[in-house]
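Have a look at protein.tsv; it's TSV, C-alpha atoms and all ligand atoms:
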```tsv
chain	number	residue	atom	x	y	z
A	18	MET	CA	-17.08	-53.22	42.15
A	19	ALA	CA	-15.08	-52.05	39.15
A	20	ARG	CA	-16.88	-49.64	36.83
A	21	MET	CA	-17.75	-51.24	33.48
A	22	ILE	CA	-16.82	-48.95	30.59
A	23	TYR	CA	-17.50	-49.53	26.89
A	24	ALA	CA	-14.92	-47.63	24.83
A	25	ALA	CA	-16.39	-46.86	21.42
A	26	TYR	CA	-15.94	-44.91	18.22
A	27	PRO	CA	-18.79	-42.50	17.42
A	28	ARG	CA	-19.02	-43.86	13.87
A	29	GLU	CA	-19.43	-47.38	15.19
A	30	LEU	CA	-22.28	-46.22	17.44
A	31	GLU	CA	-23.94	-44.37	14.60
A	32	ALA	CA	-23.68	-47.46	12.36
A	33	ALA	CA	-25.27	-49.56	15.10
A	34	GLY	CA	-28.11	-47.03	15.62
A	35	ALA	CA	-26.82	-44.98	18.54
A	36	ASN	CA	-30.00	-44.61	20.66
A	37	GLU	CA	-31.03	-48.23	20.54
A	38	PHE	CA	-27.50	-49.56	20.95
A	39	LEU	CA	-26.68	-47.32	23.92
A	40	GLY	CA	-29.93	-48.43	25.57
A	41	ARG	CA	-28.88	-52.04	25.03
A	42	LEU	CA	-25.43	-51.41	26.53
A	43	LYS	CA	-27.03	-50.01	29.67
A	44	GLY	CA	-30.04	-52.29	30.07
A	45	GLU	CA	-29.20	-55.67	28.61
A	46	ILE	CA	-25.41	-55.75	28.82
A	47	GLY	CA	-24.92	-53.88	32.10
A	48	ILE	CA	-22.41	-51.19	31.04
A	49	ASP	CA	-21.99	-48.20	33.42
A	50	ALA	CA	-20.37	-45.68	31.08
A	51	VAL	CA	-19.26	-45.15	27.50
A	52	ASN	CA	-15.85	-43.75	26.62
A	53	LEU	CA	-16.19	-41.98	23.27
A	54	ALA	CA	-13.23	-41.49	20.93
A	55	ALA	CA	-13.23	-37.78	20.07
A	56	ALA	CA	-10.00	-37.93	18.04
A	57	HIS	CA	-8.33	-41.05	16.69
A	58	PRO	CA	-5.90	-42.32	14.04
A	59	PRO	CA	-7.19	-43.82	10.77
A	60	LEU	CA	-9.65	-46.67	11.23
A	61	ARG	CA	-10.72	-49.50	8.94
A	62	VAL	CA	-13.34	-51.86	10.36
A	63	TRP	CA	-15.80	-54.35	8.94
A	64	THR	CA	-18.76	-54.31	11.31
A	65	PRO	CA	-20.21	-57.80	10.97
A	66	ARG	CA	-23.05	-57.16	13.39
A	67	ALA	CA	-24.55	-54.30	11.36
A	68	ALA	CA	-28.00	-55.23	10.04
A	69	THR	CA	-26.78	-55.76	6.48
A	70	HIS	CA	-23.43	-57.42	7.28
A	71	HIS	CA	-22.01	-55.23	4.52
A	72	HIS	CA	-21.18	-52.21	6.62
A	73	THR	CA	-17.59	-51.02	6.86
A	74	ILE	CA	-16.00	-48.00	8.48
A	75	CYS	CA	-13.03	-46.56	6.62
A	76	SER	CA	-12.00	-43.30	8.18
A	77	SER	CA	-8.95	-41.09	7.94
A	78	GLY	CA	-9.43	-40.34	11.63
A	79	GLY	CA	-8.95	-36.88	13.11
A	80	ALA	CA	-11.55	-35.05	15.20
A	81	GLN	CA	-14.87	-36.87	15.54
A	82	PHE	CA	-16.64	-33.77	16.83
A	83	ILE	CA	-17.14	-30.21	15.59
A	84	PRO	CA	-14.27	-28.25	17.18
A	85	ASP	CA	-14.71	-24.82	18.72
A	86	ALA	CA	-12.22	-22.82	16.60
A	87	ALA	CA	-11.82	-20.11	19.27
A	88	ARG	CA	-9.96	-22.60	21.48
A	89	TYR	CA	-7.12	-23.09	19.00
A	90	THR	CA	-5.78	-19.58	18.54
A	91	GLY	CA	-2.42	-20.21	20.26
A	92	GLY	CA	-0.75	-21.71	17.15
A	93	ARG	CA	-1.34	-22.84	13.60
A	94	LEU	CA	-2.60	-26.33	14.39
A	95	ARG	CA	-6.36	-26.84	14.24
A	96	PRO	CA	-8.30	-30.12	14.55
A	97	HIS	CA	-9.73	-31.36	11.27
A	98	ALA	CA	-13.23	-32.79	11.68
A	99	GLY	CA	-13.84	-36.22	10.09
A	100	ALA	CA	-15.56	-35.98	6.68
A	101	TRP	CA	-18.33	-38.37	7.79
A	102	LEU	CA	-19.70	-35.71	10.17
A	103	LYS	CA	-20.62	-33.47	7.20
A	104	GLY	CA	-20.86	-30.58	9.65
A	105	ARG	CA	-23.39	-32.37	11.89
A	106	ASP	CA	-22.91	-32.46	15.66
A	107	ALA	CA	-23.22	-36.26	15.73
A	108	PHE	CA	-20.80	-36.45	18.67
A	109	GLY	CA	-22.85	-34.06	20.82
A	110	ARG	CA	-25.99	-36.03	20.03
A	111	ILE	CA	-24.37	-39.33	21.03
A	112	VAL	CA	-23.23	-37.74	24.32
A	113	GLU	CA	-26.80	-36.60	25.02
A	114	SER	CA	-28.28	-39.92	24.02
A	115	ALA	CA	-25.88	-41.82	26.33
A	116	ARG	CA	-26.88	-39.58	29.24
A	117	ASP	CA	-30.57	-40.06	28.45
A	118	GLN	CA	-30.02	-43.80	28.67
A	119	GLY	CA	-28.45	-43.40	32.13
A	120	LEU	CA	-24.87	-44.08	30.98
A	121	GLY	CA	-21.89	-42.13	32.30
A	122	VAL	CA	-19.96	-40.29	29.58
A	123	GLU	CA	-16.18	-40.29	29.30
A	124	ILE	CA	-14.21	-38.97	26.34
A	125	ARG	CA	-10.83	-40.02	24.97
A	126	ALA	CA	-8.49	-38.63	22.37
A	127	THR	CA	-5.35	-39.77	20.61
A	128	CYS	CA	-2.95	-36.86	20.89
A	129	LEU	CA	0.27	-37.14	18.91
A	130	ASN	CA	-0.44	-39.89	16.38
A	131	ASP	CA	-2.35	-37.99	13.70
A	132	PRO	CA	-1.28	-38.36	10.03
A	133	GLY	CA	-3.96	-35.88	8.91
A	134	LEU	CA	-2.57	-33.13	11.14
A	135	VAL	CA	1.04	-33.92	10.16
A	136	GLU	CA	0.07	-33.55	6.51
A	137	ARG	CA	-1.50	-30.14	7.18
A	138	TYR	CA	1.17	-28.93	9.62
A	139	PRO	CA	4.45	-30.65	8.71
A	140	HIS	CA	6.44	-28.26	10.93
A	141	GLY	CA	4.98	-30.11	13.97
A	142	ALA	CA	6.28	-33.55	12.93
A	143	CYS	CA	8.95	-35.58	14.70
A	144	VAL	CA	12.30	-35.73	12.86
A	145	SER	CA	14.59	-38.75	13.00
A	146	VAL	CA	18.32	-38.78	13.73
A	147	PHE	CA	18.80	-39.02	9.94
A	148	GLY	CA	16.71	-35.87	9.38
A	149	ASP	CA	13.53	-37.52	8.02
A	150	ALA	CA	10.17	-36.11	9.12
A	151	HIS	CA	7.65	-38.64	10.49
A	152	ASP	CA	4.43	-39.07	8.50
A	153	ALA	CA	2.12	-39.55	11.50
A	154	ARG	CA	3.75	-38.35	14.73
A	155	LEU	CA	3.59	-34.84	16.12
A	156	CYS	CA	6.37	-33.88	18.53
A	157	PRO	CA	5.51	-33.12	22.19
A	158	SER	CA	8.42	-30.63	22.30
A	159	ASN	CA	6.87	-28.38	19.66
A	160	PRO	CA	5.24	-25.32	21.32
A	161	GLU	CA	2.45	-25.12	18.73
A	162	VAL	CA	1.66	-28.82	19.13
A	163	ARG	CA	1.43	-28.28	22.89
A	164	GLN	CA	-0.89	-25.28	22.37
A	165	TYR	CA	-3.07	-27.40	20.10
A	166	LEU	CA	-3.36	-30.15	22.73
A	167	LEU	CA	-4.20	-27.61	25.42
A	168	GLY	CA	-6.97	-26.30	23.15
A	169	LEU	CA	-8.15	-29.87	22.53
A	170	VAL	CA	-8.53	-30.88	26.19
A	171	GLY	CA	-10.42	-27.64	26.90
A	172	ASP	CA	-12.63	-28.27	23.87
A	173	LEU	CA	-13.43	-31.83	25.02
A	174	ALA	CA	-14.22	-30.73	28.58
A	175	ARG	CA	-17.00	-28.58	27.04
A	176	PHE	CA	-19.08	-31.80	26.64
A	177	GLY	CA	-19.03	-32.26	30.42
A	178	PRO	CA	-17.42	-35.74	30.53
A	179	GLU	CA	-16.71	-37.48	33.83
A	180	SER	CA	-13.12	-37.87	32.63
A	181	VAL	CA	-10.90	-37.31	29.61
A	182	GLU	CA	-8.49	-40.07	28.58
A	183	LEU	CA	-5.45	-39.16	26.52
A	184	ASP	CA	-3.70	-41.68	24.35
A	185	ASP	CA	-0.24	-41.22	22.80
A	186	VAL	CA	0.78	-38.16	24.76
A	187	GLY	CA	4.53	-38.88	24.67
A	188	PHE	CA	7.13	-39.60	21.99
A	189	GLY	CA	5.63	-43.06	21.38
A	190	SER	CA	7.43	-45.62	19.29
A	191	GLY	CA	8.42	-42.91	16.77
A	192	PHE	CA	10.95	-44.16	14.27
A	193	GLY	CA	10.88	-47.72	15.59
A	194	PRO	CA	12.25	-50.74	13.74
A	195	GLN	CA	9.20	-50.95	11.47
A	196	TRP	CA	9.43	-47.36	10.28
A	197	TYR	CA	12.93	-47.71	8.85
A	198	SER	CA	12.87	-51.44	7.96
A	199	THR	CA	15.43	-51.95	10.71
A	200	ASP	CA	13.68	-55.04	12.03
A	201	TRP	CA	17.12	-56.70	12.25
A	202	LEU	CA	17.54	-54.57	15.39
A	203	ASP	CA	16.26	-56.17	18.59
A	204	ARG	CA	13.31	-54.02	19.70
A	205	GLN	CA	14.50	-54.05	23.29
A	206	SER	CA	18.06	-53.02	22.38
A	207	PRO	CA	19.50	-49.62	23.27
A	208	GLU	CA	20.04	-48.93	19.56
A	209	ALA	CA	16.32	-49.43	18.84
A	210	ALA	CA	15.57	-46.99	21.67
A	211	LEU	CA	17.99	-44.42	20.22
A	212	LEU	CA	16.53	-44.80	16.73
A	213	ARG	CA	13.13	-43.74	18.11
A	214	TRP	CA	14.43	-40.42	19.39
A	215	CYS	CA	13.23	-37.16	17.86
A	216	PHE	CA	15.71	-34.49	16.71
A	217	CYS	CA	13.28	-31.84	15.47
A	218	ALA	CA	14.17	-28.16	15.93
A	219	SER	CA	12.02	-27.97	19.10
A	220	CYS	CA	13.73	-31.00	20.68
A	221	LEU	CA	17.16	-29.55	19.89
A	222	GLN	CA	16.11	-26.18	21.33
A	223	ARG	CA	14.86	-27.79	24.55
A	224	ALA	CA	18.14	-29.68	24.85
A	225	LYS	CA	20.10	-26.47	24.33
A	226	ASP	CA	18.01	-24.65	26.98
A	227	SER	CA	18.99	-27.42	29.42
A	228	GLY	CA	22.69	-27.23	28.53
A	229	VAL	CA	22.67	-30.44	26.45
A	230	ASN	CA	24.50	-30.39	23.11
A	231	GLY	CA	21.94	-31.88	20.69
A	232	GLY	CA	24.47	-32.02	17.85
A	233	ALA	CA	26.82	-34.17	19.95
A	234	VAL	CA	23.90	-36.43	20.90
A	235	ARG	CA	23.00	-36.89	17.24
A	236	GLU	CA	26.60	-37.78	16.34
A	237	SER	CA	26.75	-40.27	19.20
A	238	VAL	CA	23.43	-41.90	18.21
A	239	MET	CA	24.54	-42.24	14.57
A	240	SER	CA	27.87	-43.80	15.49
A	241	ARG	CA	26.15	-46.31	17.79
A	242	LEU	CA	23.68	-47.24	15.07
A	243	SER	CA	26.55	-47.70	12.59
A	244	LEU	CA	28.37	-49.94	15.08
A	245	ALA	CA	25.23	-52.03	15.55
A	246	ALA	CA	24.83	-52.36	11.78
A	247	ASP	CA	28.44	-53.54	11.41
A	248	SER	CA	28.22	-56.07	14.22
A	249	GLU	CA	26.87	-59.58	13.73
A	250	ALA	CA	26.18	-60.02	17.44
A	251	ASP	CA	23.15	-58.55	19.22
A	252	SER	CA	23.81	-55.86	21.78
A	253	THR	CA	24.05	-57.23	25.31
A	254	GLN	CA	23.28	-53.84	26.88
A	255	THR	CA	19.89	-52.60	28.00
A	256	PRO	CA	18.86	-49.00	27.22
A	257	GLY	CA	19.40	-48.29	30.94
A	258	ASP	CA	23.00	-49.60	30.77
A	259	LEU	CA	23.73	-47.38	27.81
A	260	LEU	CA	22.35	-44.22	29.45
A	261	GLY	CA	24.22	-45.04	32.64
A	262	ALA	CA	27.48	-45.18	30.69
A	263	ASP	CA	27.00	-42.12	28.49
A	264	GLY	CA	26.29	-38.78	30.19
A	265	THR	CA	25.52	-36.94	26.93
A	266	LEU	CA	22.83	-39.43	25.91
A	267	ALA	CA	21.48	-39.54	29.48
A	268	GLY	CA	21.19	-35.74	29.50
A	269	PHE	CA	19.14	-35.80	26.30
A	270	GLU	CA	16.87	-38.52	27.67
A	271	THR	CA	16.31	-36.47	30.83
A	272	VAL	CA	15.18	-33.53	28.69
A	273	ARG	CA	12.83	-35.81	26.73
A	274	ARG	CA	11.22	-37.13	29.91
A	275	ALA	CA	10.86	-33.65	31.36
A	276	THR	CA	9.21	-32.56	28.08
A	277	VAL	CA	6.53	-35.24	28.37
A	278	ALA	CA	6.09	-34.75	32.14
A	279	SER	CA	5.56	-30.99	31.77
A	280	LEU	CA	3.13	-31.53	28.89
A	281	ILE	CA	1.04	-33.93	31.02
A	282	ARG	CA	0.98	-31.39	33.84
A	283	GLU	CA	-0.03	-28.56	31.49
A	284	LEU	CA	-2.83	-30.64	29.98
A	285	ALA	CA	-4.10	-31.74	33.42
A	286	GLY	CA	-4.16	-28.06	34.44
A	287	GLY	CA	-6.04	-27.09	31.27
A	288	CYS	CA	-8.73	-29.76	31.47
A	289	ALA	CA	-11.76	-29.23	33.70
A	290	ALA	CA	-12.37	-33.00	33.88
A	291	PRO	CA	-10.05	-35.53	35.59
A	292	LEU	CA	-7.39	-36.75	33.18
A	293	TRP	CA	-6.49	-40.40	32.50
A	294	LEU	CA	-3.52	-41.53	30.42
A	295	THR	CA	-3.15	-44.61	28.25
A	296	ALA	CA	-0.06	-46.61	29.18
A	297	VAL	CA	0.50	-47.82	25.60
A	298	GLY	CA	3.62	-46.19	24.17
A	299	MET	CA	4.42	-44.56	27.49
A	300	ASP	CA	8.00	-44.76	28.65
A	301	PRO	CA	7.97	-45.58	32.35
A	302	SER	CA	10.51	-43.59	34.33
A	303	SER	CA	10.66	-42.18	37.81
A	304	THR	CA	9.85	-38.71	36.43
A	305	LEU	CA	6.70	-39.96	34.75
A	306	GLU	CA	5.58	-42.05	37.71
A	307	GLU	CA	5.71	-38.95	39.87
A	308	THR	CA	3.80	-36.94	37.26
A	309	ILE	CA	1.15	-39.63	36.89
A	310	ASN	CA	0.61	-39.90	40.63
A	311	GLU	CA	0.46	-36.16	41.16
A	312	ALA	CA	-1.19	-34.73	38.05
A	313	VAL	CA	-3.61	-37.29	36.62
A	314	ALA	CA	-6.50	-39.41	37.90
A	315	GLY	CA	-4.98	-42.68	36.67
A	316	ILE	CA	-3.78	-44.82	33.81
A	317	VAL	CA	-5.39	-47.24	31.38
A	318	VAL	CA	-3.37	-50.46	31.15
A	319	PRO	CA	-3.85	-53.34	28.68
A	320	PHE	CA	-4.85	-56.57	30.39
A	321	SER	CA	-4.81	-60.02	28.81
A	322	SER	CA	-4.71	-63.65	29.86
A	323	GLY	CA	-5.38	-62.71	33.46
A	324	HIS	CA	-2.48	-60.25	33.76
A	325	VAL	CA	-1.37	-56.73	33.09
A	326	ALA	CA	0.47	-57.05	29.76
A	327	ALA	CA	4.20	-57.53	30.42
A	328	ALA	CA	5.30	-54.30	28.73
A	329	TYR	CA	3.21	-52.26	31.19
A	330	GLU	CA	3.98	-54.05	34.44
A	331	ALA	CA	6.46	-51.40	35.59
A	332	ILE	CA	4.02	-48.58	35.01
A	333	ALA	CA	1.15	-50.50	36.65
A	334	ARG	CA	3.30	-51.10	39.74
A	335	ALA	CA	3.93	-47.36	40.03
A	336	VAL	CA	0.30	-46.43	40.74
A	337	PRO	CA	-2.25	-47.91	43.17
A	338	PRO	CA	-4.85	-50.32	41.67
A	339	ASP	CA	-7.77	-47.97	42.30
A	340	ARG	CA	-6.15	-45.58	39.81
A	341	ILE	CA	-5.89	-48.19	37.08
A	342	ARG	CA	-8.40	-49.06	34.39
A	343	ALA	CA	-7.71	-52.44	32.86
A	344	SER	CA	-8.48	-52.38	29.15
A	345	LEU	CA	-9.62	-55.49	27.41
A	346	ARG	CA	-10.70	-56.65	23.96
A	347	ILE	CA	-13.91	-58.68	23.86
A	348	ARG	CA	-13.14	-60.85	20.83
A	349	PRO	CA	-10.57	-63.39	19.59
A	350	PRO	CA	-7.64	-63.56	19.65
A	351	ALA	CA	-7.63	-61.59	22.96
A	352	VAL	CA	-10.42	-63.80	24.38
A	353	ARG	CA	-11.49	-67.06	22.75
A	354	SER	CA	-14.82	-67.70	24.47
A	355	GLY	CA	-17.48	-66.31	26.76
A	356	SER	CA	-16.00	-68.21	29.71
A	357	ALA	CA	-12.55	-66.74	28.96
A	358	LEU	CA	-14.00	-63.22	29.10
A	359	VAL	CA	-15.85	-64.11	32.33
A	360	ALA	CA	-12.54	-65.24	33.85
A	361	GLU	CA	-10.67	-62.10	32.71
A	362	VAL	CA	-13.27	-59.72	34.17
A	363	HIS	CA	-13.45	-61.75	37.38
A	364	LYS	CA	-9.65	-61.49	37.75
A	365	ILE	CA	-9.68	-57.73	37.14
A	366	ALA	CA	-12.45	-57.23	39.72
A	367	GLY	CA	-10.32	-59.17	42.21
A	368	GLU	CA	-7.30	-56.89	41.61
A	369	GLY	CA	-9.24	-53.89	42.93
A	370	PHE	CA	-8.85	-51.91	39.71
A	371	ALA	CA	-11.07	-48.83	39.29
A	372	ALA	CA	-12.63	-49.99	36.06
A	373	VAL	CA	-12.68	-52.50	33.27
A	374	GLN	CA	-12.59	-50.79	29.90
A	375	PHE	CA	-13.86	-52.90	27.02
A	376	GLU	CA	-12.21	-51.73	23.80
A	377	GLU	CA	-14.58	-51.96	20.89
A	378	ASP	CA	-14.48	-50.61	17.37
A	379	GLY	CA	-17.62	-52.25	16.01
A	380	GLY	CA	-15.60	-55.13	14.55
A	381	SER	CA	-16.68	-57.82	17.02
A	382	PRO	CA	-19.26	-60.39	15.88
A	383	ALA	CA	-22.64	-60.21	17.65
A	384	HIS	CA	-21.97	-63.17	19.97
A	385	CYS	CA	-19.07	-61.21	21.60
A	386	LEU	CA	-21.66	-58.82	23.04
A	387	GLY	CA	-23.30	-61.90	24.55
A	388	TRP	CA	-19.96	-62.81	26.14
A	389	LEU	CA	-19.71	-59.28	27.51
A	390	ARG	CA	-23.20	-59.47	29.04
A	391	GLN	CA	-22.31	-62.78	30.68
A	392	ALA	CA	-18.96	-61.47	32.04
A	393	ILE	CA	-20.53	-58.36	33.57
A	394	ARG	CA	-23.39	-60.34	35.11
A	395	TYR	CA	-20.94	-62.72	36.69
A	396	ALA	CA	-18.77	-59.90	38.05
A	397	ARG	CA	-21.84	-58.18	39.51
A	398	ARG	CA	-22.98	-61.30	41.24
A	399	GLU	CA	-19.76	-61.11	43.24
A	400	SER	CA	-20.30	-64.53	44.72
A	401	GLY	CA	-16.62	-65.06	45.39
A	402	ASP	CA	-16.94	-68.45	43.69
A	403	PRO	CA	-14.55	-69.37	40.88
A	404	PRO	CA	-15.79	-68.22	37.48
A	405	VAL	CA	-18.19	-70.57	35.73
A	406	SER	CA	-19.49	-70.62	32.21
A	407	GLU	CA	-23.19	-69.95	31.63
A	408	GLN	CA	-23.06	-71.62	28.25
B	501	ZN	ZN	10.95	-33.32	18.49
```

Would you write the structure of this file as structure tokens?
Amino acid sequence: MARMIYAAYPRELEAAGANEFLGRLKGEIGIDAVNLAAAHPPLRVWTPRAATHHHTICSSGGAQFIPDAARYTGGRLRPHAGAWLKGRDAFGRIVESARDQGLGVEIRATCLNDPGLVERYPHGACVSVFGDAHDARLCPSNPEVRQYLLGLVGDLARFGPESVELDDVGFGSGFGPQWYSTDWLDRQSPEAALLRWCFCASCLQRAKDSGVNGGAVRESVMSRLSLAADSEADSTQTPGDLLGADGTLAGFETVRRATVASLIRELAGGCAAPLWLTAVGMDPSSTLEETINEAVAGIVVPFSSGHVAAAYEAIARAVPPDRIRASLRIRPPAVRSGSALVAEVHKIAGEGFAAVQFEEDGGSPAHCLGWLRQAIRYARRESGDPPVSEQ
């Protein structure tokens, strides 16, 4: 039986009345564990099921707990605690309350997508091929950024979670087509992939240490982008074709993958709890598959319409099902009805995945919690019959 996890934001739980709501998750809805967001990007949610219907959460994100400053002495980056906490240990209290209610406690954190930290520590930001610094993305090559993340996973393990899930631990979509208004570029094209690359001082240094000429790579990327801009036809190459044909670019990509793989290994070594990674934004490659299978407990993969989302199929194939958590939204448009959610959860249970992770931010109308209760009940019944609606 897959473990049923409710992934929540501490502010959402506080708005809902944490004690009572956690008790409801456990007793009425049938959740096994909560996965609490300890650090996340900016959030804007209208919570229609709050008592007044007028409650919104507008947060600049950042740390949702009170950090232990002593853990961040390896560099200049320090977590910035969300203003809503006002110095209170609301996170610690929610952790305790969840345990009192008999729920397992897992913790997750978004690592490298943090506009607040980039604003405070611009030297850690990713830099595009054109020399522009990113406004939200920290670079995994930067030694101080890596020190900060190592401090963060140690800090989170202090709450004694059953696992820590890390989101956005790689280069992510970086300077993708939306960032530069280059939506005329096909997202799957090699040029779009090259545009996302980071050329910050740390990336160039890592390339140099591996015998790769970063300057030559930058020139090559710029000339390929110019060619794409001057051509009316879409590229017929895949990113793999391009790297296969250009040793300089392939060398740089190898360094990038090794950078992310070594970071994952360092973080797994520095975290007392088992580490899970979110597949979103992860670039599947043989190097990463090996790292995932050796260094972390598993991956969290988006699941919709009865399947692992197409973009993550390769990464899901690389690890056994019992090391996959299928993540799922509980409201439209991801699921349109209670019976649709019942069918999704039934399918996931049949795949032998370790857990179903329900992603919630407090924005789902009250009846979606009813759908969730129904879906979990059905999965627990484990009759083997096709899913039926209880409506
Ligand atoms: Zn970089």

Tell me which protein, DNA and RNA residues are within 9 Å of stretch 333-340 of chain A, counting all atoms listed in the file, leaving out same-chain ones fewer than 2 positions away, and put them as a PyMOL selection string.
-> chain A and resi 19+293+296+301+303+306-307+309-310+314-318+325+329-331+342+368-372

Just C-alpha atoms for this one: save the residues we selected as a tab-separated table (two decimals), in the coordinates of the input.
```
chain	number	residue	atom	x	y	z
A	19	ALA	CA	-15.08	-52.05	39.15
A	293	TRP	CA	-6.49	-40.40	32.50
A	296	ALA	CA	-0.06	-46.61	29.18
A	301	PRO	CA	7.97	-45.58	32.35
A	303	SER	CA	10.66	-42.18	37.81
A	306	GLU	CA	5.58	-42.05	37.71
A	307	GLU	CA	5.71	-38.95	39.87
A	309	ILE	CA	1.15	-39.63	36.89
A	310	ASN	CA	0.61	-39.90	40.63
A	314	ALA	CA	-6.50	-39.41	37.90
A	315	GLY	CA	-4.98	-42.68	36.67
A	316	ILE	CA	-3.78	-44.82	33.81
A	317	VAL	CA	-5.39	-47.24	31.38
A	318	VAL	CA	-3.37	-50.46	31.15
A	325	VAL	CA	-1.37	-56.73	33.09
A	329	TYR	CA	3.21	-52.26	31.19
A	330	GLU	CA	3.98	-54.05	34.44
A	331	ALA	CA	6.46	-51.40	35.59
A	342	ARG	CA	-8.40	-49.06	34.39
A	368	GLU	CA	-7.30	-56.89	41.61
A	369	GLY	CA	-9.24	-53.89	42.93
A	370	PHE	CA	-8.85	-51.91	39.71
A	371	ALA	CA	-11.07	-48.83	39.29
A	372	ALA	CA	-12.63	-49.99	36.06
```

Identify which of the residues A:Asp263, A:Glu376, A:Asp149, A:Glu249 lies closest to ligand ZN 501 (chain B), counting all atoms listed in the file when measuring atom-to-atom distances.
-> A:Asp149

Distance filter 12 Å around ligand ZN 501 (chain B), atoms: only C-alpha atoms and all ligand atoms, out as number ranges by chain | A: 129, 140-146, 148-151, 154-163, 187-189, 191-192, 213-224, 231, 269, 272-273, 276-277

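The interatomic distance for the pair atom CA of A:Tyr138 and atom CA of A:Val186 works out to 17.7 Å.
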
What separation in Å, quoted to one decimal, exists between atom CA of A:Asp184 and atom CA of A:Leu53?
-> 12.5 Å

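Near A:Ser190, within a cut-off of 10 Å and counting only C-alpha atoms, sit the residues Arg154, Asp185, Pro194, Gln195, Trp196, Ala209, Ala210, Leu212, Arg213, Trp214, Val297, Gly298, Met299 and Asp300 of chain A, with same-chain residues fewer than 4 positions away left out.
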
Selection export as a JSON list (two decimals), keeping the file's coordinate frame, atoms kept: C-alpha atoms:
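Below you can see selection-v3.json, which holds the result:
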```json
[["chain", "number", "residue", "atom", "x", "y", "z"],
["A", 154, "ARG", "CA", 3.75, -38.35, 14.73],
["A", 185, "ASP", "CA", -0.24, -41.22, 22.80],
["A", 194, "PRO", "CA", 12.25, -50.74, 13.74],
["A", 195, "GLN", "CA", 9.20, -50.95, 11.47],
["A", 196, "TRP", "CA", 9.43, -47.36, 10.28],
["A", 209, "ALA", "CA", 16.32, -49.43, 18.84],
["A", 210, "ALA", "CA", 15.57, -46.99, 21.67],
["A", 212, "LEU", "CA", 16.53, -44.80, 16.73],
["A", 213, "ARG", "CA", 13.13, -43.74, 18.11],
["A", 214, "TRP", "CA", 14.43, -40.42, 19.39],
["A", 297, "VAL", "CA", 0.50, -47.82, 25.60],
["A", 298, "GLY", "CA", 3.62, -46.19, 24.17],
["A", 299, "MET", "CA", 4.42, -44.56, 27.49],
["A", 300, "ASP", "CA", 8.00, -44.76, 28.65]]
```

Expressed in Å to a single decimal, how great is the separation between atom CA of A:Asp131 and atom CA of A:His57?
-> 7.4 Å

Within-12 Å shell of (-13.0, -58.7, 23.2) in input frame, all atoms listed in the file, as a PyMOL selection string | chain A and resi 23-24+319-322+344-359+361-362+373-390+392

Emit the selected residues as a compact mmCIF listing (two decimals), keeping the file's coordinate frame, including C-alpha atoms.
```
# COMPACT_ATOMS: atom_id res chain seq x y z
CA TYR A 23 -17.50 -49.53 26.89
CA ALA A 24 -14.92 -47.63 24.83
CA PRO A 319 -3.85 -53.34 28.68
CA PHE A 320 -4.85 -56.57 30.39
CA SER A 321 -4.81 -60.02 28.81
CA SER A 322 -4.71 -63.65 29.86
CA SER A 344 -8.48 -52.38 29.15
CA LEU A 345 -9.62 -55.49 27.41
CA ARG A 346 -10.70 -56.65 23.96
CA ILE A 347 -13.91 -58.68 23.86
CA ARG A 348 -13.14 -60.85 20.83
CA PRO A 349 -10.57 -63.39 19.59
CA PRO A 350 -7.64 -63.56 19.65
CA ALA A 351 -7.63 -61.59 22.96
CA VAL A 352 -10.42 -63.80 24.38
CA ARG A 353 -11.49 -67.06 22.75
CA SER A 354 -14.82 -67.70 24.47
CA GLY A 355 -17.48 -66.31 26.76
CA SER A 356 -16.00 -68.21 29.71
CA ALA A 357 -12.55 -66.74 28.96
CA LEU A 358 -14.00 -63.22 29.10
CA VAL A 359 -15.85 -64.11 32.33
CA GLU A 361 -10.67 -62.10 32.71
CA VAL A 362 -13.27 -59.72 34.17
CA VAL A 373 -12.68 -52.50 33.27
CA GLN A 374 -12.59 -50.79 29.90
CA PHE A 375 -13.86 -52.90 27.02
CA GLU A 376 -12.21 -51.73 23.80
CA GLU A 377 -14.58 -51.96 20.89
CA ASP A 378 -14.48 -50.61 17.37
CA GLY A 379 -17.62 -52.25 16.01
CA GLY A 380 -15.60 -55.13 14.55
CA SER A 381 -16.68 -57.82 17.02
CA PRO A 382 -19.26 -60.39 15.88
CA ALA A 383 -22.64 -60.21 17.65
CA HIS A 384 -21.97 -63.17 19.97
CA CYS A 385 -19.07 -61.21 21.60
CA LEU A 386 -21.66 -58.82 23.04
CA GLY A 387 -23.30 -61.90 24.55
CA TRP A 388 -19.96 -62.81 26.14
CA LEU A 389 -19.71 -59.28 27.51
CA ARG A 390 -23.20 -59.47 29.04
CA ALA A 392 -18.96 -61.47 32.04
```

Kindly assemble as JSON lines a list of the stretch 32-130 of chain A residues that lie within 12 Å of stretch 280-290 of chain A, each paired with its nearest atom pair and their distance in Å to one decimal, using only C-alpha atoms, sorted first by chain and then by ascending residue number.
```
{"residue": "A:Arg88", "atom": "CA", "partner": "A:Gly287", "partner_atom": "CA", "distance": 11.5}
{"residue": "A:Val122", "atom": "CA", "partner": "A:Ala290", "partner_atom": "CA", "distance": 11.4}
{"residue": "A:Glu123", "atom": "CA", "partner": "A:Ala290", "partner_atom": "CA", "distance": 9.4}
{"residue": "A:Ile124", "atom": "CA", "partner": "A:Ala290", "partner_atom": "CA", "distance": 9.8}
{"residue": "A:Arg125", "atom": "CA", "partner": "A:Ala290", "partner_atom": "CA", "distance": 11.4}
{"residue": "A:Cys128", "atom": "CA", "partner": "A:Leu284", "partner_atom": "CA", "distance": 11.0}
{"residue": "A:Leu129", "atom": "CA", "partner": "A:Leu280", "partner_atom": "CA", "distance": 11.8}
```
